[in-house]
Amino acid sequence: MIKKFDKKDEESGSGSNPFQHLEKSAVLQEARIFNETPINPRRCLHILTKIIYLLNQGEHFGTTEATEAFFAMTRLFQSNDQTLRRMCYLTIKEMANISEDVIIVTSSLTKDMTGKEDVYRGPAIRALCRITDTTMLQAIERYMKQAIVDKVPSVSSSALVSSLHMVKMSFDVVKRWVNEAQEAASSDNIMVQYHALGLLYHLRKNDRLAVTKMLNKFTKSGLKSPFAYCMMIRIASKLLEETEGGHDSPLFDFIESCLRNKHEMVVYEAASAIVHMPNCTARELAPAVSVLQLFCSSPKAALRYAAVRTLNKVAMKHPSAVTACNLDLENLITDSNRSIATLAITTLLKTGSESSVDRLMKQISSFVSEISDEFKVVVVQAISALCQKYPRKHSVMMNFLSNMLRDDGGFEYKRAIVDCIISIIEENPESKETGLAHLCEFIEDCEHTVLATKILHLLGKEGPRTPTPSKYIRFIFNRVVLESEAVRAAAVSALAKFGAQNDDLLPSVLVLMQRCMMDSDDEVRDRATFYMNVLQQKQKALNAAYIFNGLSVSVPGLEKSLHQYTLEPSEKPFDMKTVPLATAPITEQKTEIAPVATSKLPEKLAPSRQDIYQEQLAAIPEFQGLGPLFKSSEPVQLTEAETEYVVRCIKHTFANHMIFQFDCTNTLNDQLLQRVLVQMEPSEAYEVLHYVPAPSLPYSQPGSCYSLVRLPEDDPTAVSCTFSCTMKYLVRDCDPNTGEPDDDGYDDEYVLEDLEVTVADHIQKVLKPNFGAAWEEIGDEFEKEETFALATVRTLDGKFA
Amino acid sequence: MTAQSCPRQHCATTMDSAALEPTLYTVKAIFILDNDGNRLLSKYYDPDLYPSMKEQKNFEKNVFNKTHKADNEIAFLEGMTIVYKSSIDLFFYVVGSAQENELMLMAVLNCLFESLSQMLRKNVEKRTLLDNMDGVFLVVDEIIDGGVILESDPQQVIEKVNYRADDNPLSEQSVAQVLQSAKEQIKWSILK
């Protein structure tokens, strides 16, 4: 009878989850009974559990209520109930960040940590270290050192792990406990060994010699703990990597010996470490690979997964080493864990022959819909690598990729596939038509604007050069009719490219363009009108400038010039030539296919070096009115490395002038230089107009001085010149310790190396994405044919990347 | 001023990265979900990993969706290796970085599962777990501390926690209260 009522109460009341309808305010209200005496351990325990549960679920506690609850909880230390005390420690840790004045429990915790009840000591230490700050740390240092070498393993472990957490807070204090940690490392308990080793490494890791000594000691004495072994293997690998040690060193022998350890964890760690080492020979890899091969047939899924993941990595660098495992890998293709199956197949794809590719692709396609997005991207990467290896198989791959495109999937996954198809198209001209056809089909039903615009851009670039460009026009124009504004705009640009390159298609394109001029979106209409006008002129030069090649100027520079133009009223129209040319490509770089990243870096258009210089020079009043900066050179050193004064020069080229910027550094701490300038004597018809000195050069603070030079006007071919440079300045000796200079000084000079101005300083590279069109555009009159002899080169094979 | 948090580890998201920095911080997170994917207990040890509650719950949902149907032990999601185990109506997860030793993570998972199994007298299911939630919190606390594996032997964990289950489950009312409600029911049924 009672049981039945229980069930009814259960269903209506707390249900299957007694915590389901907890309310924070009600629970905190209940917590008031903590202040009552005598303490009812069971009830208090329930309430504490509810509080911790609420915190864990993400319930927010304000500072006041948290502090109140915390203080109430401290009353519970009066009870001797073990579980209650343990829960108090847990509450202290959970509330350490949200309550104020948590350090009031310090004395209770210190008492427990040094008390008789062993079961309290470890947890009390951990709670204490959670609330300790730098000032308190010194006070408990004595207790911590005792605890680290305590015979009770839980006490020692708790102290060691807590010390590790506190290293961030106060490295110097914890470093003093290194001897205690060393002693603890010789304990028999496997966890204490592990923790001691970890703490010792962390304290010594900047001292390579100490780490080596530590490793030598432990590898000889032998540890029992598998966790400690794994840690040692990692330390040894890191040391080998840092010292670039050869593989005949005792460290490598140690790792290799771990392949025969009785714990699977250690064996796997060793195999993984060997595989990751750079410059491993096939002979060194062999024992690791054979161990992994054994793991492939283990009944434990985690072991199979670990093995096949590591073999996958080996296959990237040493495919021949993995071929011995092919049979085991084939067995894993049908593994119930799809991640394992995927990894097995991608490994086989890397090591298999061309003939096995078809069979493997068929097997993958049967379960590709079941695997997670990350693994789908792994598969795409493998296919991408395969396409480069076996270009003849591109049709099989392409089919497979287009099928994957049709399936469901996230953005990263689809993007990986599109990038893969694009790279196949670019590398393999035979595959272009099929590739473009697949992509056209994809954009018919693509929800990702970024991908659609990317593909349209590609169609515009590659489509006009195919044998039958007209078939792409239908796809593109459909986008204009059906899609969002961004896609429509991209489609209009793509159409224009077809019109510009194919004269027979031009009439049709013009008709379509006319329709686009009626679009509802501004951008689409503007683009259509613009392209319409350009195409109607039917001039190749215009087509090249406005349709094929994008902006060749730097965007921040353009913005600045436009701003300048709007400030000064002028009759002349804005001249693009006043904007400095871009030195770096504006189009996005090809991003690598990578699995989903958890952190995305914001992409900002940072001002280029050139824009920074332009601003600096414009700030100097003597340099106004020179026009836009054409080019700035790389810094040229005019002194040796270890001289008293270090000077380097940057040459800024303008339309009719050059500015030489000298960055000088005074490396003598007993001198102060003032009114520093660099006098220049030209060898040709250059004329030095003006010097802007650096006012003062104290010790090791770089400063800049400038010289303004006019380019020779009468002879445009006199572009190169040599300047002999001398640095002239006023020197005041000063006290090296205080930097106080003497009152008087004397003039002095310092000879620098000669400075060359060459043709290269007057040339700026221009980016032309469509080189072919730009080449044609220049026309025949500038063509010059000459014969040169290449004396040092025998053949042209392999000279061109 | 408190000190417990994991140091910033190299947040590698691809599977093909360099070897791990040797450190004791091996576990990034541990959580227990019910069979609807709701969180019963979760601890995140890496402060760079999903610092907000919203991100955490999102992550748990994604992991649950991808793993509760398949009965595999191990998965790779969102750039991390996840080992998991289910029992009746509960799911246990241990999360480590993509380069972490999977067997180490499995050792933690097994220790967690075995300890709870002993504590709950083999009834590893949602009701029993919630009824002994305090013991569960203590067990997790004994196995991992701030991302460091503290103990791997379930026997040791049980000894240290020293918890007696079923002493007074949270959902059951005390005998006196049950008798009281029984009296009320009888009273009302007679009055009808």
# chains A, B, ... in the order shown; residues from 1 in each chain; ligands from 1
>>> residues_around(residues="Thr23 of chain B", least_positions_apart="4", cutoff="10 Å", atoms="only C-alpha atoms", output="ChimeraX atom specification")
/A:197-199,201-202,231,234-235 /B:7,9,148
>>> write_last_selection(atoms="C-alpha atoms", output="compact mmCIF listing (two decimals), in the first residue's frame")
# COMPACT_ATOMS: atom_id res chain seq x y z
CA LEU A 197 57.48 13.51 -12.44
CA GLY A 198 55.00 15.93 -13.94
CA LEU A 199 55.71 18.60 -11.35
CA TYR A 201 59.35 18.51 -15.40
CA HIS A 202 57.23 21.60 -15.16
CA MET A 231 55.03 11.28 -19.53
CA ARG A 234 56.77 12.69 -24.23
CA ILE A 235 59.59 14.47 -22.42
CA PRO B 7 47.39 26.26 -18.65
CA GLN B 9 47.42 24.30 -24.35
CA VAL B 148 45.06 16.10 -14.10
>>> interface_residues(of="chain A", to="chain B", cutoff="6 Å", atoms="only C-alpha atoms", output="PyMOL selection string")
chain A and resi 18+49+130-133+165-166+198+234-235+265+302+337+595+597
>>> write_last_selection(atoms="C-alpha atoms", output="PDB file, in the first residue's frame")
ATOM      1  CA  PRO A  18      14.555  14.889  -8.021  1.00  0.00           C
ATOM      2  CA  THR A  49      24.156  18.571  -3.192  1.00  0.00           C
ATOM      3  CA  ARG A 130      42.151  26.401  -4.572  1.00  0.00           C
ATOM      4  CA  ILE A 131      41.559  29.414  -2.362  1.00  0.00           C
ATOM      5  CA  THR A 132      45.164  30.357  -1.653  1.00  0.00           C
ATOM      6  CA  ASP A 133      46.633  33.513  -3.090  1.00  0.00           C
ATOM      7  CA  HIS A 165      48.201  24.289 -10.235  1.00  0.00           C
ATOM      8  CA  MET A 166      49.924  26.926  -8.143  1.00  0.00           C
ATOM      9  CA  GLY A 198      55.005  15.932 -13.938  1.00  0.00           C
ATOM     10  CA  ARG A 234      56.770  12.692 -24.232  1.00  0.00           C
ATOM     11  CA  ILE A 235      59.589  14.469 -22.421  1.00  0.00           C
ATOM     12  CA  MET A 265      49.058   2.548 -23.045  1.00  0.00           C
ATOM     13  CA  ALA A 302      39.757   2.663 -28.832  1.00  0.00           C
ATOM     14  CA  ASN A 337      32.856   2.227 -35.874  1.00  0.00           C
ATOM     15  CA  PRO A 595      38.645  20.429 -40.479  1.00  0.00           C
ATOM     16  CA  ALA A 597      38.262  25.143 -36.540  1.00  0.00           C
TER      17      ALA A 597
END
>>> atom_distance(atom1="atom CA of Lys540 of chain A", atom2="atom CA of Gly435 of chain A")
29.1 Å
>>> residues_around(residues="Val102 of chain A", least_positions_apart="6", cutoff="8 Å", atoms="only C-alpha atoms", output="list of chain:residue names")
A:Phe70, A:Ile92, A:Ala96, A:Ile131
>>> write_last_selection(atoms="N, CA and C atoms", output="compact mmCIF listing (two decimals), in the first residue's frame")
# COMPACT_ATOMS: atom_id res chain seq x y z
N PHE A 70 27.93 30.50 1.39
CA PHE A 70 29.27 30.02 1.73
C PHE A 70 29.50 30.11 3.23
N ILE A 92 33.52 24.44 -1.26
CA ILE A 92 34.53 25.51 -1.21
C ILE A 92 35.15 25.69 -2.60
N ALA A 96 34.58 29.03 -4.92
CA ALA A 96 35.75 29.88 -4.68
C ALA A 96 35.74 31.13 -5.53
N ILE A 131 41.90 28.08 -2.82
CA ILE A 131 41.56 29.41 -2.36
C ILE A 131 42.78 30.24 -1.98
>>> closest_residue(among="B:Val124, B:Val63, B:Leu90, B:Val136", to="Asn35 of chain B", atoms="only C-alpha atoms")
B:Leu90
>>> select_by_dssp(residues="segment 45-192 of chain B", states="strand (DSSP E)", output="PDB file with N, CA, C and O atoms, in the first residue's frame")
ATOM      1  N   ILE B  74      34.450   5.428 -29.251  1.00  0.00           N
ATOM      2  CA  ILE B  74      35.360   6.551 -29.441  1.00  0.00           C
ATOM      3  C   ILE B  74      34.931   7.350 -30.656  1.00  0.00           C
ATOM      4  O   ILE B  74      34.460   6.799 -31.639  1.00  0.00           O
ATOM      5  N   ALA B  75      35.058   8.661 -30.583  1.00  0.00           N
ATOM      6  CA  ALA B  75      34.655   9.513 -31.694  1.00  0.00           C
ATOM      7  C   ALA B  75      35.583  10.717 -31.753  1.00  0.00           C
ATOM      8  O   ALA B  75      36.257  11.053 -30.772  1.00  0.00           O
ATOM      9  N   PHE B  76      35.592  11.371 -32.901  1.00  0.00           N
ATOM     10  CA  PHE B  76      36.388  12.570 -33.071  1.00  0.00           C
ATOM     11  C   PHE B  76      35.457  13.682 -33.523  1.00  0.00           C
ATOM     12  O   PHE B  76      34.913  13.636 -34.611  1.00  0.00           O
ATOM     13  N   LEU B  77      35.234  14.660 -32.631  1.00  0.00           N
ATOM     14  CA  LEU B  77      34.268  15.701 -32.935  1.00  0.00           C
ATOM     15  C   LEU B  77      34.812  17.053 -32.527  1.00  0.00           C
ATOM     16  O   LEU B  77      35.424  17.180 -31.465  1.00  0.00           O
ATOM     17  N   MET B  80      38.263  17.323 -31.205  1.00  0.00           N
ATOM     18  CA  MET B  80      38.717  16.643 -29.983  1.00  0.00           C
ATOM     19  C   MET B  80      38.352  15.177 -29.989  1.00  0.00           C
ATOM     20  O   MET B  80      37.375  14.765 -30.594  1.00  0.00           O
ATOM     21  N   THR B  81      39.163  14.399 -29.269  1.00  0.00           N
ATOM     22  CA  THR B  81      38.873  12.977 -29.140  1.00  0.00           C
ATOM     23  C   THR B  81      37.939  12.775 -27.952  1.00  0.00           C
ATOM     24  O   THR B  81      38.166  13.312 -26.876  1.00  0.00           O
ATOM     25  N   ILE B  82      36.887  11.985 -28.176  1.00  0.00           N
ATOM     26  CA  ILE B  82      35.904  11.769 -27.110  1.00  0.00           C
ATOM     27  C   ILE B  82      35.713  10.273 -26.947  1.00  0.00           C
ATOM     28  O   ILE B  82      35.382   9.571 -27.907  1.00  0.00           O
ATOM     29  N   VAL B  83      35.947   9.782 -25.742  1.00  0.00           N
ATOM     30  CA  VAL B  83      35.645   8.371 -25.477  1.00  0.00           C
ATOM     31  C   VAL B  83      34.365   8.341 -24.650  1.00  0.00           C
ATOM     32  O   VAL B  83      34.134   9.203 -23.806  1.00  0.00           O
ATOM     33  N   TYR B  84      33.533   7.327 -24.904  1.00  0.00           N
ATOM     34  CA  TYR B  84      32.250   7.333 -24.207  1.00  0.00           C
ATOM     35  C   TYR B  84      31.739   5.933 -23.978  1.00  0.00           C
ATOM     36  O   TYR B  84      32.182   4.965 -24.598  1.00  0.00           O
ATOM     37  N   LYS B  85      30.786   5.854 -23.076  1.00  0.00           N
ATOM     38  CA  LYS B  85      30.205   4.582 -22.676  1.00  0.00           C
ATOM     39  C   LYS B  85      28.777   4.873 -22.251  1.00  0.00           C
ATOM     40  O   LYS B  85      28.496   5.912 -21.672  1.00  0.00           O
ATOM     41  N   SER B  86      27.906   3.914 -22.536  1.00  0.00           N
ATOM     42  CA  SER B  86      26.526   4.123 -22.092  1.00  0.00           C
ATOM     43  C   SER B  86      26.093   2.965 -21.218  1.00  0.00           C
ATOM     44  O   SER B  86      26.621   1.856 -21.300  1.00  0.00           O
ATOM     45  N   SER B  87      25.123   3.235 -20.339  1.00  0.00           N
ATOM     46  CA  SER B  87      24.616   2.190 -19.461  1.00  0.00           C
ATOM     47  C   SER B  87      23.157   2.449 -19.187  1.00  0.00           C
ATOM     48  O   SER B  87      22.829   3.448 -18.545  1.00  0.00           O
ATOM     49  N   LEU B  90      22.036   6.139 -19.264  1.00  0.00           N
ATOM     50  CA  LEU B  90      23.038   7.163 -19.000  1.00  0.00           C
ATOM     51  C   LEU B  90      24.161   7.102 -20.022  1.00  0.00           C
ATOM     52  O   LEU B  90      24.471   6.043 -20.546  1.00  0.00           O
ATOM     53  N   PHE B  91      24.788   8.258 -20.282  1.00  0.00           N
ATOM     54  CA  PHE B  91      25.934   8.314 -21.189  1.00  0.00           C
ATOM     55  C   PHE B  91      27.078   9.026 -20.483  1.00  0.00           C
ATOM     56  O   PHE B  91      26.896  10.117 -19.945  1.00  0.00           O
ATOM     57  N   PHE B  92      28.265   8.402 -20.505  1.00  0.00           N
ATOM     58  CA  PHE B  92      29.436   8.965 -19.851  1.00  0.00           C
ATOM     59  C   PHE B  92      30.458   9.364 -20.911  1.00  0.00           C
ATOM     60  O   PHE B  92      30.770   8.586 -21.798  1.00  0.00           O
ATOM     61  N   TYR B  93      31.003  10.566 -20.801  1.00  0.00           N
ATOM     62  CA  TYR B  93      31.947  11.066 -21.807  1.00  0.00           C
ATOM     63  C   TYR B  93      33.206  11.596 -21.149  1.00  0.00           C
ATOM     64  O   TYR B  93      33.128  12.296 -20.135  1.00  0.00           O
ATOM     65  N   VAL B  94      34.365  11.308 -21.768  1.00  0.00           N
ATOM     66  CA  VAL B  94      35.626  11.920 -21.347  1.00  0.00           C
ATOM     67  C   VAL B  94      36.254  12.531 -22.604  1.00  0.00           C
ATOM     68  O   VAL B  94      36.347  11.872 -23.637  1.00  0.00           O
ATOM     69  N   VAL B  95      36.660  13.793 -22.503  1.00  0.00           N
ATOM     70  CA  VAL B  95      37.124  14.534 -23.673  1.00  0.00           C
ATOM     71  C   VAL B  95      38.595  14.900 -23.518  1.00  0.00           C
ATOM     72  O   VAL B  95      39.014  15.395 -22.464  1.00  0.00           O
ATOM     73  N   GLY B  96      39.367  14.660 -24.570  1.00  0.00           N
ATOM     74  CA  GLY B  96      40.768  15.077 -24.554  1.00  0.00           C
ATOM     75  C   GLY B  96      41.121  15.713 -25.884  1.00  0.00           C
ATOM     76  O   GLY B  96      40.310  15.713 -26.810  1.00  0.00           O
ATOM     77  N   SER B  97      42.326  16.224 -25.993  1.00  0.00           N
ATOM     78  CA  SER B  97      42.684  16.868 -27.253  1.00  0.00           C
ATOM     79  C   SER B  97      42.881  15.808 -28.332  1.00  0.00           C
ATOM     80  O   SER B  97      42.991  14.620 -28.040  1.00  0.00           O
ATOM     81  N   ILE B 144      39.623  13.151 -11.266  1.00  0.00           N
ATOM     82  CA  ILE B 144      40.318  14.228 -11.992  1.00  0.00           C
ATOM     83  C   ILE B 144      40.355  15.468 -11.121  1.00  0.00           C
ATOM     84  O   ILE B 144      39.347  15.842 -10.546  1.00  0.00           O
ATOM     85  N   ASP B 145      41.505  16.113 -11.075  1.00  0.00           N
ATOM     86  CA  ASP B 145      41.600  17.384 -10.357  1.00  0.00           C
ATOM     87  C   ASP B 145      42.151  18.438 -11.318  1.00  0.00           C
ATOM     88  O   ASP B 145      43.315  18.386 -11.686  1.00  0.00           O
ATOM     89  N   VAL B 148      43.998  17.081 -14.334  1.00  0.00           N
ATOM     90  CA  VAL B 148      45.058  16.102 -14.103  1.00  0.00           C
ATOM     91  C   VAL B 148      44.412  14.818 -13.595  1.00  0.00           C
ATOM     92  O   VAL B 148      43.548  14.858 -12.734  1.00  0.00           O
ATOM     93  N   ILE B 149      44.884  13.695 -14.122  1.00  0.00           N
ATOM     94  CA  ILE B 149      44.349  12.410 -13.641  1.00  0.00           C
ATOM     95  C   ILE B 149      44.885  12.182 -12.245  1.00  0.00           C
ATOM     96  O   ILE B 149      46.102  12.044 -12.048  1.00  0.00           O
TER      97      ILE B 149
END
